[in-house]
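For reference, the structure discussed in these notes is given below.
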Amino acid sequence: MLTGQGGLPMARVETPVSTGEIYLQGAHVTHFQSKGEAPLLFLSRESKFTAGAAIRGGVPVIFPWFGAKDGAPAHGFARINAWDLVGAEMVPTGETILRFKLPGTVDPSGAEWMLEYIVSVGETLGLELVATNSSGQKDFTFENCLHTYFLVGDINSTSVIGLKGVKYRDKVENFAEKTEANPTIRISGEVDRVYTDTTATVEMRDDKLRRRILVEKAGSASTVVWNPWIAKSKQMSDFGDEEYLQMVCVESGNVGKNWITLKPGESSRLKVKLASARL
Ligand code: TA6
């Protein structure tokens with residue numbers, strides 16, 4: 001375990017083909033880079049690195065709710081608490097696999113659940129969030145999301161592909177329900193959309209960095225696409241005013257109407273595989 005920014009403990013992973021960094025705070029993957037390529041993930045240069053404050057960028061782990069909640073931290077408490085690193089191994093195929101667990105004591109509601117997170121660093125970045133209802137008699141209802149920030153060369157020469165025909169709630173227009181008309185989404189203003197009932201792989205094409213990024217997922221019915229654009233960027237103290245030009249969030253989870261209810265003893269597995277290739 002190393003000492004990272006802000007003195008927070010973190011793990012650095014070196015494989016023959018890639019590097020990764022994961023902070024115990026939020027089991028937060030802050031860096032993943034294939035050798036010879038630009039980093040895959042965006043991390044704000046203004047991000048805080050203090051206990052109890054969400055890191056801005058990388059892959060925030062969102063649980064057990066998505067978005068705002070009166071009197072409680074936005075996007076839940078998983079990303080602002082320290083997780084335990086419970087396992088680390090290099091497997092014969094070359095990946096390094098880290099396993100994290102979130103102590104149940106962080107939940108003020110007293111709900112009985114177990115949350116594990118498996119991070120696989122190799123040719124691709126594999127993430128798996130496993131929630132288990134450890135109550136003997138009560139159902140457990142929650143939302144989850146891997147809120148991934150991707151680095152792009154220029155948002156103006158980036159497109160998001162794979163969501164044509166999918167219904168979404170448009171947060172920019174008071175959560176109006178819409179249907180995606182475009183096979184290729186270009187971003188030229190604030191975009192904040194929760195696409196539901198979609199299991200599709202999403203592709204980003206980055207003409208400036210000359211690469212495509214694939215977001216494959218399993219156990220996820222929702223995809224969120226977010227770019228704060230100019231005004232919202234200025235409102236975030238942990239995000240540079242111009243940084244909207246270098247990032248887009250394509251998030252995989254189960255949000256809003258796609259929430260999950262687990263019966264006692266049941267588990268859910270949210271899996272994402274992030275990969276990039278030259279255009
Ligand atoms: O995923 C999009 C979103 O819900 C936006 O509405 C914006 O709030 C973003 O998440 C970041 O939220 P945060 O709590 O990390 O500032």
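Ligands are numbered from 1 in the order shown, chains are lettered A, B, ... in the order of the structure tokens, and residues start at 1 in each chain.
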
Expected answer as an MDAnalysis selection string: strand (DSSP E) residues in stretch 180-246 of chain A: chainID A and resid 184:186 191:195 202:206 211:218 222:227

Residue contacts of stretch 257-266 of chain A (12 Å, only C-alpha atoms) excluding same-chain residues fewer than 3 positions away, as a VMD selection string: chain A and resid 63 to 66 111 to 114 130 to 145 167 to 169 194 to 199 219 to 223 252 to 254 269 to 270

Using C-alpha atoms, can you export the residues from the last selection as a short mmCIF file (atom, residue, chain, number, x, y, z; two decimals), in the first residue's frame?
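Heads up, here's the output in selection_11.cif:
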data_model
loop_
_atom_site.label_atom_id
_atom_site.label_comp_id
_atom_site.auth_asym_id
_atom_site.auth_seq_id
_atom_site.Cartn_x
_atom_site.Cartn_y
_atom_site.Cartn_z
CA PHE A 63 -24.14 2.77 -3.94
CA PRO A 64 -26.81 2.42 -2.51
CA TRP A 65 -28.48 5.37 -4.27
CA PHE A 66 -27.78 7.43 -7.40
CA ALA A 111 -29.58 -2.27 6.36
CA GLU A 112 -27.78 -5.62 6.19
CA TRP A 113 -25.77 -5.97 3.00
CA MET A 114 -22.29 -6.97 1.83
CA VAL A 130 -21.20 -7.48 -6.04
CA ALA A 131 -23.99 -6.58 -3.60
CA THR A 132 -25.47 -9.28 -1.34
CA ASN A 133 -28.54 -9.03 0.87
CA SER A 134 -27.15 -10.49 4.10
CA SER A 135 -30.40 -9.89 5.99
CA GLY A 136 -32.20 -13.02 7.10
CA GLN A 137 -35.67 -11.72 6.46
CA LYS A 138 -35.80 -8.28 4.75
CA ASP A 139 -35.63 -7.39 1.04
CA PHE A 140 -32.90 -4.90 0.12
CA THR A 141 -33.60 -2.26 -2.55
CA PHE A 142 -30.82 -0.06 -3.98
CA GLU A 143 -29.31 1.62 -7.02
CA ASN A 144 -25.73 1.12 -8.17
CA CYS A 145 -23.49 2.68 -10.80
CA LYS A 167 -35.53 5.89 -23.66
CA TYR A 168 -33.86 8.33 -21.28
CA ARG A 169 -34.60 10.92 -18.61
CA VAL A 194 -30.15 8.47 -17.65
CA TYR A 195 -30.83 5.85 -20.34
CA THR A 196 -32.90 2.95 -19.01
CA ASP A 197 -33.62 -0.66 -20.02
CA THR A 198 -30.44 -0.88 -22.06
CA THR A 199 -27.77 -3.56 -21.90
CA GLY A 219 -25.86 -6.88 -14.84
CA SER A 220 -26.63 -3.29 -15.80
CA ALA A 221 -29.88 -1.94 -17.24
CA SER A 222 -28.98 1.76 -17.15
CA THR A 223 -26.37 3.88 -18.90
CA SER A 252 -23.03 1.72 -16.19
CA GLY A 253 -25.42 0.67 -13.43
CA ASN A 254 -29.01 0.24 -12.36
CA ARG A 269 -23.26 -8.49 -9.98
CA LEU A 270 -22.62 -5.29 -11.95
#

May I have a table of the residues of chain A lying at most 9 Å from ligand 1, giving each one's closest pair of atoms and their distance in Å to one decimal, counting only C-alpha atoms and all ligand atoms, ordered by chain and ascending residue number, as a tab-separated table?
residue	atom	partner	partner_atom_place_in_ligand_line	distance
A:Ala54	CA	ligand 1	15 (O)	6.8
A:Ile55	CA	ligand 1	15 (O)	8.0
A:Arg56	CA	ligand 1	15 (O)	6.6
A:Gly57	CA	ligand 1	15 (O)	8.4
A:Pro60	CA	ligand 1	15 (O)	7.8
A:Phe66	CA	ligand 1	4 (O)	7.0
A:Gly67	CA	ligand 1	4 (O)	5.0
A:Ala68	CA	ligand 1	14 (O)	7.5
A:Pro73	CA	ligand 1	14 (O)	8.0
A:Ala74	CA	ligand 1	14 (O)	5.1
A:His75	CA	ligand 1	14 (O)	5.9
A:Gly76	CA	ligand 1	14 (O)	9.0
A:Cys145	CA	ligand 1	1 (O)	8.8
A:His147	CA	ligand 1	1 (O)	6.4
A:Thr148	CA	ligand 1	1 (O)	8.9
A:Lys171	CA	ligand 1	6 (O)	7.0
A:Val172	CA	ligand 1	6 (O)	8.6
A:Val191	CA	ligand 1	2 (C)	8.8
A:Asp192	CA	ligand 1	2 (C)	5.8
A:Arg193	CA	ligand 1	2 (C)	7.5
A:Val194	CA	ligand 1	1 (O)	7.9
A:Val224	CA	ligand 1	1 (O)	6.0
A:Val225	CA	ligand 1	1 (O)	6.8
A:Trp226	CA	ligand 1	2 (C)	5.2
A:Asn227	CA	ligand 1	2 (C)	7.9
A:Pro228	CA	ligand 1	7 (C)	7.4
A:Lys232	CA	ligand 1	7 (C)	8.9
A:Met236	CA	ligand 1	16 (O)	7.5
A:Asp238	CA	ligand 1	16 (O)	8.9
A:Cys249	CA	ligand 1	1 (O)	7.1
A:Val250	CA	ligand 1	1 (O)	8.3
A:Glu251	CA	ligand 1	1 (O)	7.0

Exercise: A:Met90 partners within 10 Å, only C-alpha atoms, chain neighbours under 3 positions left out, as a PyMOL selection string: chain A and resi 15+93-98+120-122

Among listed residues A:Pro92, A:Gly153, A:Gly110, A:Gly256, nearest A:Arg210 (using only C-alpha atoms):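 Checking each of A:Pro92, A:Gly153, A:Gly110, A:Gly256 against A:Arg210, counting only C-alpha atoms, the winner is A:Gly153.
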
List the spatial neighbours of stretch 42-50 of chain A as a short mmCIF file (atom, residue, chain, number, x, y, z; two decimals) with C-alpha atoms, in the first residue's frame - criterion: any atom at most 9 Å away, only C-alpha atoms, same-chain residues fewer than 4 positions off excluded.
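Final output, saved to out.cif:
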data_model
loop_
_atom_site.label_atom_id
_atom_site.label_comp_id
_atom_site.auth_asym_id
_atom_site.auth_seq_id
_atom_site.Cartn_x
_atom_site.Cartn_y
_atom_site.Cartn_z
CA GLY A 4 -1.20 8.76 -2.56
CA GLN A 5 -2.41 12.32 -3.01
CA GLY A 6 -3.64 13.97 0.16
CA GLY A 7 -1.89 11.24 2.14
CA LEU A 8 -4.64 8.76 1.24
CA GLN A 25 -11.22 5.72 -0.25
CA THR A 30 -8.20 6.86 -10.40
CA HIS A 31 -5.90 5.74 -13.20
CA ALA A 54 -15.52 12.16 -3.39
CA ILE A 55 -12.57 12.05 -5.77
CA ARG A 56 -13.44 13.88 -9.04
CA GLY A 57 -12.74 11.55 -11.92
CA GLY A 58 -11.73 7.92 -12.42
CA THR A 148 -16.74 6.31 -15.11
CA TYR A 149 -15.00 9.49 -16.31
CA PHE A 150 -13.25 8.94 -19.64
CA LEU A 151 -10.39 11.09 -20.92
CA VAL A 152 -10.99 12.47 -24.42
CA SER A 237 -14.75 23.69 -7.07
CA ASP A 238 -13.04 20.35 -7.69
CA PHE A 239 -13.19 20.59 -11.50
CA GLY A 240 -11.31 22.96 -13.81
CA GLU A 243 -11.90 20.39 -18.09
CA GLN A 246 -11.33 16.62 -21.94
CA MET A 247 -13.90 14.30 -20.45
CA VAL A 248 -17.18 12.47 -20.84
#

Atom pair atom CA of A:Ser34 / atom CA of A:Thr19: separation (Å): 6.6 Å

Distance criterion (only C-alpha atoms): nearest to A:Leu245 out of A:Lys35, A:Arg99, A:Lys208, A:Lys164: A:Lys208

Interatomic distance, atom CA of A:Ile22 to atom CA of A:Leu115 (Å, one decimal): 16.7 Å
